[in-house]
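Visitor: Got a structure for you, protein-v5.cif, holding mmCIF, C-alpha atoms and all ligand atoms.
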```cif
data_start
#
loop_
_atom_site.label_atom_id
_atom_site.label_comp_id
_atom_site.auth_asym_id
_atom_site.auth_seq_id
_atom_site.Cartn_x
_atom_site.Cartn_y
_atom_site.Cartn_z
CA MET A 30 0.00 0.00 0.00
CA THR A 31 1.32 3.49 -0.79
CA PRO A 32 1.57 5.95 2.13
CA GLU A 33 -1.16 8.17 0.63
CA ALA A 34 -3.74 5.39 0.45
CA PRO A 35 -6.48 6.06 2.97
CA ILE A 36 -7.23 3.23 5.34
CA THR A 37 -10.90 2.48 4.98
CA GLN A 38 -13.16 -0.27 6.19
CA ASP A 39 -12.89 -1.83 2.73
CA VAL A 40 -9.15 -2.06 2.94
CA LEU A 41 -9.42 -3.74 6.31
CA THR A 42 -11.70 -6.44 4.98
CA LEU A 43 -9.53 -7.17 1.97
CA PRO A 44 -7.70 -10.48 2.11
CA ARG A 45 -4.60 -10.20 4.22
CA LYS A 46 -2.70 -13.27 3.24
CA LEU A 47 -4.69 -15.26 0.75
CA PRO A 48 -2.49 -16.73 -1.93
CA GLU A 49 -2.61 -15.20 -5.37
CA GLY A 50 -4.01 -17.05 -8.35
CA GLY A 51 -7.75 -17.26 -7.97
CA PRO A 52 -10.15 -18.42 -5.31
CA VAL A 53 -8.92 -20.84 -2.68
CA ASN A 54 -10.51 -24.27 -2.66
CA LEU A 55 -11.74 -25.06 0.84
CA ILE A 56 -11.80 -28.84 0.35
CA GLY A 57 -9.04 -30.56 2.27
CA LEU A 58 -8.14 -27.66 4.56
CA THR A 59 -7.80 -28.68 8.19
CA ARG A 60 -10.00 -26.83 10.67
CA GLU A 61 -7.05 -24.60 11.55
CA GLN A 62 -6.28 -23.84 7.92
CA LEU A 63 -9.94 -23.12 7.25
CA ARG A 64 -10.00 -20.75 10.20
CA ASP A 65 -6.93 -18.91 8.93
CA ALA A 66 -8.40 -18.66 5.45
CA LEU A 67 -11.68 -17.26 6.75
CA ILE A 68 -9.89 -14.68 8.86
CA ALA A 69 -7.66 -13.72 5.94
CA ALA A 70 -10.81 -13.13 3.89
CA GLY A 71 -12.18 -10.74 6.49
CA THR A 72 -14.03 -12.90 9.02
CA PRO A 73 -13.64 -11.28 12.45
CA ASP A 74 -11.41 -13.39 14.70
CA ARG A 75 -14.08 -13.78 17.36
CA GLN A 76 -16.52 -15.33 14.87
CA ALA A 77 -14.02 -17.55 13.14
CA LYS A 78 -14.52 -20.71 15.19
CA MET A 79 -18.28 -20.64 14.76
CA ARG A 80 -17.98 -19.98 11.03
CA VAL A 81 -15.56 -22.89 10.64
CA GLY A 82 -18.10 -25.17 12.32
CA GLN A 83 -20.96 -23.97 10.14
CA ILE A 84 -19.08 -24.15 6.85
CA TRP A 85 -17.56 -27.51 7.79
CA GLN A 86 -21.01 -28.98 8.34
CA TRP A 87 -22.32 -27.68 5.05
CA ILE A 88 -19.42 -29.07 3.10
CA TYR A 89 -18.69 -32.36 4.82
CA HIS A 90 -21.96 -33.31 6.45
CA TRP A 91 -24.50 -32.09 3.88
CA GLY A 92 -22.31 -32.16 0.78
CA VAL A 93 -23.27 -28.57 -0.11
CA ARG A 94 -20.81 -26.69 -2.32
CA ASP A 95 -22.69 -23.57 -3.29
CA PHE A 96 -22.21 -20.84 -0.71
CA ALA A 97 -25.62 -19.41 -1.64
CA GLN A 98 -27.21 -22.53 -0.12
CA MET A 99 -25.50 -22.13 3.25
CA THR A 100 -28.61 -20.61 4.67
CA ASN A 101 -27.56 -20.15 8.28
CA LEU A 102 -24.98 -17.60 7.13
CA ALA A 103 -25.90 -13.97 6.44
CA LYS A 104 -26.31 -13.12 2.76
CA ASP A 105 -23.43 -10.68 2.62
CA TYR A 106 -21.15 -13.20 4.37
CA ARG A 107 -22.11 -15.81 1.77
CA ALA A 108 -21.17 -13.30 -0.92
CA LEU A 109 -17.84 -12.69 0.78
CA LEU A 110 -17.15 -16.42 0.84
CA ALA A 111 -18.08 -16.76 -2.81
CA ALA A 112 -15.72 -13.93 -3.71
CA HIS A 113 -12.73 -15.60 -2.09
CA PHE A 114 -13.34 -19.33 -2.11
CA THR A 115 -14.56 -22.31 -4.05
CA VAL A 116 -15.58 -25.76 -2.92
CA ALA A 117 -14.37 -27.86 -5.81
CA LEU A 118 -13.82 -31.58 -6.42
CA PRO A 119 -11.64 -33.29 -8.99
CA GLU A 120 -13.39 -33.55 -12.33
CA VAL A 121 -14.78 -36.98 -13.23
CA VAL A 122 -13.43 -37.80 -16.69
CA THR A 123 -14.86 -41.32 -16.94
CA ARG A 124 -16.80 -43.63 -14.70
CA GLN A 125 -16.84 -47.33 -15.46
CA VAL A 126 -19.03 -49.90 -13.76
CA SER A 127 -17.89 -53.52 -13.72
CA ALA A 128 -20.17 -56.52 -14.08
CA ASP A 129 -19.55 -57.14 -10.36
CA GLY A 130 -20.65 -53.63 -9.37
CA THR A 131 -17.15 -52.23 -8.85
CA ARG A 132 -16.93 -48.63 -10.02
CA LYS A 133 -13.79 -47.00 -11.30
CA TYR A 134 -13.48 -43.27 -11.62
CA LEU A 135 -10.84 -41.54 -13.67
CA LEU A 136 -10.40 -38.09 -12.17
CA ARG A 137 -8.67 -35.05 -13.56
CA ILE A 138 -6.83 -32.81 -11.15
CA ALA A 139 -4.98 -29.51 -11.46
CA GLY A 140 -2.31 -29.56 -14.12
CA GLY A 141 -4.37 -31.95 -16.24
CA HIS A 142 -3.09 -35.01 -14.36
CA GLU A 143 -5.24 -38.03 -13.84
CA VAL A 144 -5.73 -40.46 -10.98
CA GLU A 145 -8.04 -43.36 -10.38
CA THR A 146 -10.36 -44.20 -7.52
CA VAL A 147 -12.18 -47.50 -7.17
CA TYR A 148 -15.37 -48.27 -5.28
CA ILE A 149 -15.89 -51.89 -4.27
CA PRO A 150 -19.36 -52.77 -2.97
CA GLU A 151 -19.61 -55.81 -0.70
CA GLU A 152 -22.46 -57.33 1.22
CA ASN A 153 -22.17 -55.34 4.41
CA ARG A 154 -19.85 -52.60 3.40
CA GLY A 155 -18.43 -50.54 0.60
CA THR A 156 -14.73 -49.89 0.28
CA LEU A 157 -13.27 -46.94 -1.53
CA CYS A 158 -9.72 -47.40 -2.75
CA ILE A 159 -8.09 -44.01 -3.13
CA SER A 160 -4.83 -42.75 -4.60
CA SER A 161 -2.24 -40.61 -2.87
CA GLN A 162 0.11 -39.76 -5.74
CA VAL A 163 0.06 -39.48 -9.52
CA GLY A 164 2.34 -42.41 -10.33
CA CYS A 165 4.85 -43.64 -7.76
CA THR A 166 8.56 -43.14 -7.10
CA LEU A 167 8.96 -46.77 -6.17
CA THR A 168 9.38 -49.49 -8.72
CA CYS A 169 7.86 -52.68 -7.35
CA SER A 170 8.35 -55.09 -10.21
CA PHE A 171 4.84 -56.61 -10.12
CA CYS A 172 2.95 -53.30 -9.95
CA HIS A 173 1.81 -51.42 -12.97
CA THR A 174 1.80 -48.09 -11.16
CA GLY A 175 5.46 -48.78 -10.43
CA THR A 176 6.27 -48.61 -14.13
CA GLN A 177 4.96 -45.06 -14.22
CA LYS A 178 7.08 -42.18 -13.02
CA LEU A 179 5.93 -40.07 -10.12
CA VAL A 180 4.27 -36.98 -11.50
CA ARG A 181 3.33 -35.35 -8.23
CA ASN A 182 1.89 -35.77 -4.78
CA LEU A 183 -1.83 -35.24 -4.45
CA THR A 184 -2.95 -32.36 -2.26
CA ALA A 185 -5.06 -33.06 0.81
CA GLY A 186 -8.01 -31.60 -1.12
CA GLU A 187 -7.50 -34.01 -3.99
CA ILE A 188 -7.39 -36.93 -1.57
CA VAL A 189 -10.53 -35.89 0.33
CA GLY A 190 -12.08 -35.01 -3.04
CA GLN A 191 -11.93 -38.66 -4.11
CA VAL A 192 -14.13 -39.64 -1.17
CA MET A 193 -16.56 -36.85 -1.96
CA VAL A 194 -16.76 -37.73 -5.66
CA ALA A 195 -17.74 -41.29 -4.72
CA ARG A 196 -20.34 -40.07 -2.24
CA ASP A 197 -21.77 -37.81 -4.94
CA ASP A 198 -21.94 -40.63 -7.45
CA LEU A 199 -23.53 -43.01 -4.95
CA GLY A 200 -25.96 -40.34 -3.75
CA GLU A 201 -24.74 -40.69 -0.20
CA TRP A 202 -25.14 -37.22 1.27
CA PRO A 203 -27.84 -37.08 3.93
CA VAL A 204 -31.25 -35.69 3.08
CA PRO A 205 -32.61 -33.35 5.77
CA GLY A 206 -35.33 -35.07 7.78
CA ALA A 207 -34.75 -38.53 6.26
CA PRO A 208 -33.81 -41.38 8.61
CA LYS A 209 -30.11 -42.17 8.79
CA GLU A 210 -29.05 -45.15 6.68
CA GLU A 211 -27.75 -48.03 8.76
CA THR A 212 -25.05 -49.19 6.38
CA ARG A 213 -22.97 -46.60 4.71
CA LEU A 214 -22.21 -47.00 1.05
CA VAL A 215 -18.67 -45.74 1.50
CA SER A 216 -18.10 -47.41 4.86
CA ASN A 217 -14.35 -48.01 4.50
CA VAL A 218 -11.47 -46.22 2.88
CA VAL A 219 -8.23 -47.90 1.84
CA LEU A 220 -5.17 -46.00 0.70
CA MET A 221 -4.30 -48.68 -1.82
CA GLY A 222 -4.67 -46.88 -5.11
CA MET A 223 -1.82 -45.24 -6.94
CA GLY A 224 1.20 -44.06 -5.02
CA GLU A 225 3.00 -44.58 -1.74
CA PRO A 226 0.97 -42.76 0.92
CA LEU A 227 3.87 -42.47 3.35
CA TYR A 228 5.86 -40.50 0.76
CA ASN A 229 3.07 -37.92 0.88
CA PHE A 230 2.62 -38.04 4.62
CA GLU A 231 1.32 -34.57 5.53
CA ASN A 232 -1.30 -34.42 2.79
CA VAL A 233 -2.50 -37.94 3.52
CA ARG A 234 -2.66 -37.19 7.25
CA ASP A 235 -4.57 -33.94 6.80
CA ALA A 236 -6.96 -35.55 4.34
CA MET A 237 -7.67 -38.46 6.68
CA ARG A 238 -8.27 -36.03 9.55
CA VAL A 239 -10.93 -34.35 7.44
CA VAL A 240 -12.47 -37.71 6.55
CA MET A 241 -12.45 -38.82 10.21
CA ASP A 242 -13.81 -35.56 11.64
CA GLY A 243 -16.99 -36.36 13.56
CA GLU A 244 -18.92 -33.36 12.24
CA GLY A 245 -18.48 -34.30 8.62
CA ILE A 246 -17.83 -37.48 6.70
CA SER A 247 -17.10 -39.02 10.06
CA LEU A 248 -15.45 -42.32 9.19
CA SER A 249 -13.92 -44.02 12.17
CA ARG A 250 -10.15 -44.44 12.12
CA ARG A 251 -10.73 -48.17 12.27
CA ARG A 252 -12.42 -48.01 8.89
CA ILE A 253 -9.41 -46.49 7.21
CA THR A 254 -6.48 -48.64 6.13
CA LEU A 255 -3.25 -47.20 4.88
CA SER A 256 -1.10 -49.51 2.82
CA THR A 257 2.63 -48.93 2.66
CA SER A 258 5.41 -50.70 0.84
CA GLY A 259 7.47 -50.23 4.02
CA VAL A 260 8.56 -46.62 4.54
CA VAL A 261 9.88 -47.43 7.98
CA PRO A 262 10.61 -43.92 9.35
CA GLU A 263 6.99 -42.86 8.82
CA ILE A 264 5.32 -45.88 10.42
CA ALA A 265 5.38 -44.64 14.02
CA ARG A 266 4.15 -41.25 12.83
CA THR A 267 1.25 -42.92 11.08
CA ALA A 268 0.24 -44.47 14.38
CA GLU A 269 0.59 -41.24 16.30
CA GLU A 270 -0.74 -38.70 13.84
CA ILE A 271 -3.39 -40.67 11.93
CA GLY A 272 -4.11 -43.74 14.06
CA CYS A 273 -5.70 -45.68 11.22
CA LEU A 274 -5.20 -49.36 10.48
CA LEU A 275 -2.02 -50.33 8.70
CA ALA A 276 -1.43 -52.72 5.84
CA VAL A 277 2.02 -53.55 4.65
CA SER A 278 3.03 -54.85 1.25
CA PHE A 279 5.15 -57.71 2.50
CA HIS A 280 5.17 -60.05 -0.49
CA ALA A 281 8.34 -62.03 0.27
CA THR A 282 10.01 -63.90 3.10
CA THR A 283 13.67 -63.40 2.27
CA ASP A 284 15.52 -60.16 1.66
CA GLU A 285 16.83 -61.55 -1.58
CA VAL A 286 13.34 -61.98 -3.05
CA ARG A 287 11.88 -58.88 -1.41
CA ASP A 288 14.72 -56.77 -2.82
CA ARG A 289 13.54 -57.81 -6.26
CA LEU A 290 9.81 -57.42 -5.69
CA VAL A 291 9.69 -54.38 -3.42
CA PRO A 292 12.99 -52.55 -3.98
CA ILE A 293 12.47 -50.25 -0.99
CA ASN A 294 13.55 -53.36 0.91
CA LYS A 295 17.15 -52.52 -0.01
CA ARG A 296 16.78 -49.40 2.11
CA TRP A 297 14.74 -50.90 4.97
CA ASN A 298 14.98 -54.65 5.02
CA ILE A 299 12.57 -57.22 6.43
CA GLU A 300 14.01 -57.14 9.93
CA THR A 301 13.94 -53.34 10.15
CA LEU A 302 10.40 -53.31 8.84
CA LEU A 303 9.23 -55.94 11.31
CA THR A 304 10.70 -53.98 14.21
CA ALA A 305 8.67 -50.92 13.21
CA LEU A 306 5.56 -53.06 12.77
CA ARG A 307 5.86 -54.63 16.19
CA ASP A 308 5.33 -51.22 17.78
CA TYR A 309 2.43 -50.17 15.60
CA PRO A 310 -0.54 -51.75 17.36
CA ARG A 311 0.49 -50.30 20.71
CA LEU A 312 1.23 -46.85 19.31
CA SER A 313 -1.99 -46.65 17.35
CA ASN A 314 -4.09 -48.52 19.87
CA SER A 315 -5.42 -50.68 17.06
CA GLU A 316 -5.80 -54.38 16.65
CA ARG A 317 -3.89 -56.05 13.94
CA ILE A 318 -1.76 -55.32 10.97
CA THR A 319 -2.66 -56.61 7.53
CA PHE A 320 0.21 -58.26 5.72
CA GLU A 321 -0.46 -58.11 2.01
CA TYR A 322 1.10 -60.90 0.04
CA VAL A 323 0.81 -61.02 -3.74
CA MET A 324 0.86 -64.58 -5.07
CA LEU A 325 3.40 -64.88 -7.89
CA LYS A 326 3.82 -68.25 -9.53
CA GLY A 327 7.15 -69.87 -8.65
CA VAL A 328 8.50 -66.69 -7.06
CA ASN A 329 7.13 -66.41 -3.52
CA ASP A 330 4.37 -68.99 -3.26
CA SER A 331 6.00 -72.18 -1.92
CA ASP A 332 5.11 -74.01 1.28
CA ALA A 333 8.52 -73.00 2.60
CA ASP A 334 7.59 -69.34 2.01
CA ALA A 335 4.35 -69.79 3.92
CA ARG A 336 6.20 -71.35 6.86
CA ARG A 337 8.87 -68.64 6.85
CA LEU A 338 6.18 -66.00 6.74
CA VAL A 339 4.41 -67.16 9.88
CA LYS A 340 7.72 -67.51 11.66
CA LEU A 341 8.78 -63.99 10.74
CA ILE A 342 5.62 -62.33 11.96
CA ALA A 343 5.29 -64.37 15.15
CA GLY A 344 4.12 -62.13 17.97
CA ILE A 345 2.58 -59.45 15.74
CA PRO A 346 -1.22 -59.37 15.79
CA ALA A 347 -1.80 -59.90 12.09
CA LYS A 348 -4.04 -60.92 9.27
CA ILE A 349 -2.51 -62.12 6.03
CA ASN A 350 -4.24 -60.97 2.91
CA LEU A 351 -3.29 -63.13 -0.05
CA ILE A 352 -3.66 -61.26 -3.32
CA PRO A 353 -3.76 -63.34 -6.50
CA PHE A 354 -1.48 -61.43 -8.87
CA ASN A 355 -3.37 -59.23 -11.29
CA GLU A 356 -1.73 -59.24 -14.66
CA TRP A 357 -1.27 -56.17 -16.76
CA PRO A 358 -0.01 -55.79 -20.32
CA GLY A 359 3.65 -56.79 -20.33
CA SER A 360 3.76 -57.87 -16.67
CA PRO A 361 6.74 -60.09 -15.91
CA TYR A 362 4.95 -62.52 -13.57
CA GLU A 363 2.08 -64.97 -13.56
CA ARG A 364 -0.61 -65.54 -10.99
CA SER A 365 -0.06 -68.60 -8.79
CA ASP A 366 -2.38 -71.50 -9.45
CA TRP A 367 -5.47 -71.61 -7.31
CA GLU A 368 -4.44 -74.86 -5.53
CA ARG A 369 -1.10 -73.28 -4.67
CA ILE A 370 -2.79 -70.21 -3.21
CA GLU A 371 -5.08 -72.43 -1.15
CA ALA A 372 -2.22 -74.57 0.10
CA PHE A 373 -0.33 -71.43 1.13
CA ALA A 374 -3.44 -70.02 2.83
CA ASP A 375 -3.89 -73.28 4.69
CA ILE A 376 -0.42 -73.21 6.23
CA VAL A 377 -0.92 -69.62 7.33
CA TYR A 378 -4.36 -70.38 8.71
CA LYS A 379 -3.16 -73.41 10.65
CA ALA A 380 -0.49 -71.23 12.25
CA GLY A 381 -3.32 -69.17 13.73
CA TYR A 382 -3.68 -66.29 11.31
CA ALA A 383 -6.70 -65.24 9.30
CA SER A 384 -5.64 -65.71 5.69
CA PRO A 385 -8.33 -64.42 3.36
CA ILE A 386 -7.67 -64.65 -0.36
CA ARG A 387 -8.60 -61.34 -1.91
CA THR A 388 -11.10 -61.83 -4.70
CA PRO A 389 -10.00 -59.72 -7.63
CA ARG A 390 -12.73 -57.17 -8.26
CA GLY A 391 -13.50 -55.17 -11.33
CA GLU A 392 -11.06 -57.08 -13.51
CA ASP A 393 -13.14 -56.37 -16.61
CA ILE A 394 -12.54 -52.65 -16.14
CA MET A 395 -8.90 -53.04 -15.02
CA ALA A 396 -9.76 -51.87 -11.55
CA ALA A 397 -7.99 -54.62 -9.59
CA CYS A 398 -5.00 -53.95 -7.32
CA GLY A 399 -1.92 -52.87 -9.16
CA GLN A 400 -3.67 -52.28 -12.46
CA LEU A 401 -4.57 -48.67 -11.98
CA LYS A 402 -3.89 -46.18 -14.67
CA SER A 403 -2.98 -48.85 -17.14
CA ALA A 404 -6.36 -48.86 -18.89
CA THR A 405 -6.19 -45.12 -19.26
CA GLU A 406 -2.71 -45.25 -20.66
CA ARG A 407 -3.67 -48.02 -23.00
CA ALA A 408 -6.67 -46.06 -24.22
CA ARG A 409 -4.40 -43.10 -24.83
CA ARG A 410 -1.91 -45.20 -26.77
CA GLU A 411 -4.75 -46.59 -28.89
CA LYS A 412 -5.98 -43.08 -29.58
CA VAL A 413 -2.51 -42.01 -30.65
CA ALA A 414 -2.33 -45.05 -32.93
CA LEU A 415 -5.65 -44.12 -34.52
CA ASN A 416 -4.80 -40.43 -34.90
CA PRO A 417 -1.03 -40.31 -35.15
N1 LIG A 501 2.03 -48.07 -2.45
C1 LIG A 501 1.27 -48.73 -1.47
C2 LIG A 501 -0.21 -48.77 -1.74
C3 LIG A 501 -0.67 -49.02 -3.14
S1 LIG A 501 -0.56 -50.63 -3.78
C4 LIG A 501 1.81 -50.13 -1.26
O1 LIG A 501 2.61 -50.57 -2.06
O2 LIG A 501 1.42 -50.76 -0.29
C5 LIG A 501 -1.84 -51.58 -2.98
C6 LIG A 501 -1.54 -53.08 -2.93
O3 LIG A 501 -1.64 -53.70 -4.22
C7 LIG A 501 -0.13 -53.35 -2.45
O4 LIG A 501 -0.09 -54.41 -1.52
C8 LIG A 501 0.55 -53.76 -3.73
O5 LIG A 501 1.71 -54.49 -3.46
C9 LIG A 501 -0.53 -54.53 -4.42
N2 LIG A 501 -0.30 -54.73 -5.85
C10 LIG A 501 0.38 -53.93 -6.69
N3 LIG A 501 0.38 -54.45 -7.94
C11 LIG A 501 -0.33 -55.60 -7.89
C12 LIG A 501 -0.70 -56.56 -8.87
N4 LIG A 501 -0.37 -56.42 -10.14
N5 LIG A 501 -1.44 -57.61 -8.46
C13 LIG A 501 -1.82 -57.73 -7.18
N6 LIG A 501 -1.51 -56.84 -6.22
C14 LIG A 501 -0.76 -55.78 -6.56
FE1 LIG A 502 4.32 -47.88 -5.63
FE2 LIG A 502 2.85 -49.49 -4.05
FE3 LIG A 502 3.07 -49.97 -6.70
FE4 LIG A 502 5.15 -50.35 -5.09
S1 LIG A 502 3.19 -51.48 -5.04
S2 LIG A 502 5.20 -49.32 -7.08
S3 LIG A 502 4.91 -48.71 -3.63
S4 LIG A 502 2.11 -48.20 -5.75
#
```
So, in terms of structure tokens, how does the structure I just supplied come out?

Guide:
Amino acid sequence: MTPEAPITQDVLTLPRKLPEGGPVNLIGLTREQLRDALIAAGTPDRQAKMRVGQIWQWIYHWGVRDFAQMTNLAKDYRALLAAHFTVALPEVVTRQVSADGTRKYLLRIAGGHEVETVYIPEENRGTLCISSQVGCTLTCSFCHTGTQKLVRNLTAGEIVGQVMVARDDLGEWPVPGAPKEETRLVSNVVLMGMGEPLYNFENVRDAMRVVMDGEGISLSRRRITLSTSGVVPEIARTAEEIGCLLAVSFHATTDEVRDRLVPINKRWNIETLLTALRDYPRLSNSERITFEYVMLKGVNDSDADARRLVKLIAGIPAKINLIPFNEWPGSPYERSDWERIEAFADIVYKAGYASPIRTPRGEDIMAACGQLKSATERARREKVALNP
């Protein structure tokens, strides 16, 4: 401001520290960040807490995105909000529905990047598998996402936005006066889409805090599972700062094989990983850890592997989720035979661990674990071939 400029009421209500470059999207801001943004836009400090509560409820409880519909706010305050903010979700580019009811959304985010989100309906629950990064820095040799370079981390808003897009599509926002549904359509969230969530820790944490907040989407921390390939230094923080359930992509019982399948093992090997995992249930006050184990023919699926596995994890409250390998174009492995998977599951089960075999879902739309983004890329390649 130049020295001559008169200080008027208008100047005082101008944004004080809102970033440049258009309206700020409120989705994904923590309560504290939302408070700061409202104050920066001219909300008096003494009203800020109440306004946060009101706006939070509109956005996350009722699913309302148009400020004009936030009827418990004064008209001129709604106009002020509309002048400074938006409430915007990622754009749905395509939505595919599998024969088994699985839905896959291809979403476009800022910069024109694309990520995928998958909704898996089951009898008593519905699980939403969300992405945390565009691509992945890691290069697990059986994972299609791993063949794609990391493009960028998703923002907290883009992570929360995936949950909101699914709720929109499923028509899951409450209707005033209607009785509350007993079973939620999106009852569980798993961070098992594209990317390594613990390499985008702060955004994932903030997003999950929004999703868990009791005045909004309100999913319990026990209905959120974060899957990591084994970023050991962030595991204790996950317990302390998010407190959700943990799944770990274990996949091998010797360092030699795990180095090949999950190369992050060269940095933090099986023993180091297990030490971090032993502390997790106590730190997060949660029950058990899910060990994910992809079944690759002739690579990690022998009886000896199964026996080594139960020996390694002895003492850790655990469930072992066996994932039949999902092939993708050019993948270097094959899925283990069904009898082999069952024999492996049997050994694990007899050692006292639940050992469910994950039924591949949405295979016809390439929505199964580890296949994400491939269909999109393939479609793009086909388009290029048609219109070179
Ligand atoms: N980056 C995180 C989360 C995303 S992957 C992680 O690695 O844990 C989610 C799960 O799918 C992981 O257990 C991963 O190892 C598994 N997965 C990846 N590609 C797969 C494939 N082609 N078939 C079966 N499971 C796969
Ligand atoms: Fe990344 Fe997970 Fe795929 Fe490994 S399995 S490449 S960590 S997304």

Visitor: Give the answer as one residue: which of A:Cys172, A:Val323, A:Val204, A:Leu302 has the shortest atom-to-atom distance to ligand LIG 502 (chain A), using all atoms listed in the file?

Guide: A:Cys172

Visitor: Point out the residue among A:Gly327, A:Pro385, A:Gly224, A:Pro205 with the least atom-to-atom distance to Ser365 in chain A, counting all atoms listed in the file.

Guide: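 Result for the nearest residue to Ser365 in chain A: A:Gly327.
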
Visitor: From the list A:Val339, A:Leu55, A:Val328, A:Val180, which residue is nearest Gly140 in chain A when using all atoms listed in the file?

Guide: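 Checking each of A:Val339, A:Leu55, A:Val328, A:Val180 against Gly140 in chain A, counting all atoms listed in the file, the winner is A:Val180.
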
Visitor: Could you list, as a list in words, every residue within 9 Å of Trp91 in chain A, counting all atoms listed in the file and ignoring same-chain residues fewer than 4 positions away?

Guide: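 Here the answer would be Gln86, Trp87, Trp202, Pro203, Val204, Pro205 and Gly245 of chain A.
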
Visitor: Can I get the selected residues back with C-alpha atoms, as a PDB file, in the coordinates of the input?

Guide:
```pdb
ATOM      1  CA  GLN A  86     -21.010 -28.980   8.340  1.00  0.00           C
ATOM      2  CA  TRP A  87     -22.320 -27.680   5.050  1.00  0.00           C
ATOM      3  CA  TRP A 202     -25.140 -37.220   1.270  1.00  0.00           C
ATOM      4  CA  PRO A 203     -27.840 -37.080   3.930  1.00  0.00           C
ATOM      5  CA  VAL A 204     -31.250 -35.690   3.080  1.00  0.00           C
ATOM      6  CA  PRO A 205     -32.610 -33.350   5.770  1.00  0.00           C
ATOM      7  CA  GLY A 245     -18.480 -34.300   8.620  1.00  0.00           C
TER       8      GLY A 245
END
```

Visitor: So the first atom is CA of Pro226 in chain A and the second is CA of Ala343 in chain A; what is the distance between them in Å, to one decimal place?

Guide: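 Here the two named atoms are 26.2 Å from each other.
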
Visitor: Which of these, A:Ala305, A:Leu63, A:Val260, A:Leu275, has the shortest distance to ligand LIG 502 (chain A) once you count all atoms listed in the file?

Guide: A:Val260

Visitor: May I have the residues within 6 Å of ligand LIG 501 (chain A), computed using only C-alpha atoms and all ligand atoms, as a list in words?

Guide: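 So, counting only C-alpha atoms and all ligand atoms, the residues near ligand LIG 501 (chain A) are Phe171, Cys172, Met221, Gly222, Met223, Gly224, Glu225, Ser256, Thr257, Ser258, Val277, Ser278, Glu321, Val323, Ile352, Pro353, Phe354, Asn355, Glu356, Cys398, Gly399 and Gln400 of chain A.
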
Visitor: Calculated over only C-alpha atoms, which of the candidates A:Val189, A:Ala380, A:Ile394, A:Val240 has the smallest distance to Trp357 in chain A?

Guide: A:Ile394

Visitor: What lies within 8 Å of Glu244 in chain A using only C-alpha atoms, ignoring chain neighbours under 2 positions off, as a PyMOL selection string?

Guide: chain A and resi 85-86+89-90+242+246-247

Visitor: Can those selected residues be exported to a file as a CSV table (one decimal), in the coordinates of the input so that it contains C-alpha atoms?

Guide:
```csv
chain,number,residue,atom,x,y,z
A,85,TRP,CA,-17.6,-27.5,7.8
A,86,GLN,CA,-21.0,-29.0,8.3
A,89,TYR,CA,-18.7,-32.4,4.8
A,90,HIS,CA,-22.0,-33.3,6.4
A,242,ASP,CA,-13.8,-35.6,11.6
A,246,ILE,CA,-17.8,-37.5,6.7
A,247,SER,CA,-17.1,-39.0,10.1
```

Visitor: Please determine, counting only C-alpha atoms and all ligand atoms, which residue among A:Ala383, A:Cys169, A:Ala117, A:Leu351 has the shortest atom-to-atom distance to ligand LIG 502 (chain A).

Guide: A:Cys169

Visitor: Since fewer atoms than expected are present, regenerate N, CA and C atoms for range 148-157 of chain A and write them as an mmCIF file, keeping the file's coordinate frame.

Guide:
```cif
data_model
loop_
_atom_site.group_PDB
_atom_site.id
_atom_site.type_symbol
_atom_site.label_atom_id
_atom_site.label_comp_id
_atom_site.auth_asym_id
_atom_site.auth_seq_id
_atom_site.Cartn_x
_atom_site.Cartn_y
_atom_site.Cartn_z
ATOM 1 N N TYR A 148 -14.384 -47.968 -6.313
ATOM 2 C CA TYR A 148 -15.370 -48.270 -5.280
ATOM 3 C C TYR A 148 -15.763 -49.746 -5.385
ATOM 4 N N ILE A 149 -15.640 -50.459 -4.272
ATOM 5 C CA ILE A 149 -15.890 -51.890 -4.270
ATOM 6 C C ILE A 149 -17.048 -52.204 -3.318
ATOM 7 N N PRO A 150 -18.242 -52.453 -3.861
ATOM 8 C CA PRO A 150 -19.360 -52.770 -2.970
ATOM 9 C C PRO A 150 -19.293 -54.223 -2.512
ATOM 10 N N GLU A 151 -19.532 -54.433 -1.222
ATOM 11 C CA GLU A 151 -19.610 -55.810 -0.700
ATOM 12 C C GLU A 151 -20.912 -55.928 0.068
ATOM 13 N N GLU A 152 -21.160 -57.113 0.614
ATOM 14 C CA GLU A 152 -22.460 -57.330 1.220
ATOM 15 C C GLU A 152 -22.787 -56.327 2.333
ATOM 16 N N ASN A 153 -21.861 -56.197 3.274
ATOM 17 C CA ASN A 153 -22.170 -55.340 4.410
ATOM 18 C C ASN A 153 -21.347 -54.080 4.472
ATOM 19 N N ARG A 154 -20.654 -53.806 3.396
ATOM 20 C CA ARG A 154 -19.850 -52.600 3.400
ATOM 21 C C ARG A 154 -19.456 -52.206 1.993
ATOM 22 N N GLY A 155 -18.917 -51.007 1.895
ATOM 23 C CA GLY A 155 -18.430 -50.540 0.600
ATOM 24 C C GLY A 155 -17.078 -49.914 0.829
ATOM 25 N N THR A 156 -16.091 -50.371 0.065
ATOM 26 C CA THR A 156 -14.730 -49.890 0.280
ATOM 27 C C THR A 156 -14.311 -48.996 -0.863
ATOM 28 N N LEU A 157 -13.770 -47.854 -0.507
ATOM 29 C CA LEU A 157 -13.270 -46.940 -1.530
ATOM 30 C C LEU A 157 -11.753 -46.975 -1.494
#
```
